[in-house]
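**Student:** Got a structure for you, questions after.
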Amino acid sequence: MALIDITSILSPDLTSRESARRLASCIPSETDVVFDFRNVKFATRCFIDEFYNLFLKSPSDRSYSIQITNVPEDINTMIETVSKTQNRVKTIPETAHVKSFATVDEFCQYMSGVAF
């Protein structure tokens, strides 16, 4: 199992989806990993969302394990929040009225008559 200090690959400030993808590209595939958040000072919702999708979502689909340790409380709260938004299935109710337009001009004309 590899213990990886995230800040040794990235920085103490985790600010983008691209950073999470860069982290993923540095991890050998099929390797059990523990990500250490000890030195992380800040993480954006974008980073956490991508990190969650790349490493934490659907762990049963992998033959290797991903774990996290030393996660600051504010970042842990964000991870929990992101996890709650990932499993929602958005469907359009059968009672919903769907309007279609053949052109942008038709759409604009329709929208000009809608009262907000």
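Going by the structure tokens order, chains are called A, B, ..., each with residues numbered from 1, while ligands are numbered from 1 in the order shown.
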I'd like the neighbourhood of segment 75-88 of chain A as a count of residues only, where a residue qualifies if any of its atoms comes within 12 Å (using only C-alpha atoms), though same-chain residues fewer than 4 positions away should be ignored.
**Tutor:** 27
**Student:** Give the strand (DSSP E or B) residues of chain A, as DSSP finds them on the backbone, and put them as a PyMOL selection string.
**Tutor:** chain A and resi 2-5+13-14+33-36+42-43+66-69
**Student:** Please identify the helix (DSSP H, G or I) residues within segment 42-106 of chain A (assignment by DSSP from backbone atoms) and present them as a VMD selection string.
**Tutor:** chain A and resid 45 to 56 59 to 61 73 to 85 104 to 106
**Student:** Measure the distance from atom CA of Pro28 of chain A to atom CA of Pro72 of chain A in Å and round it to one decimal.
**Tutor:**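 For atom CA of Pro28 of chain A relative to atom CA of Pro72 of chain A, the distance reads 25.4 Å.
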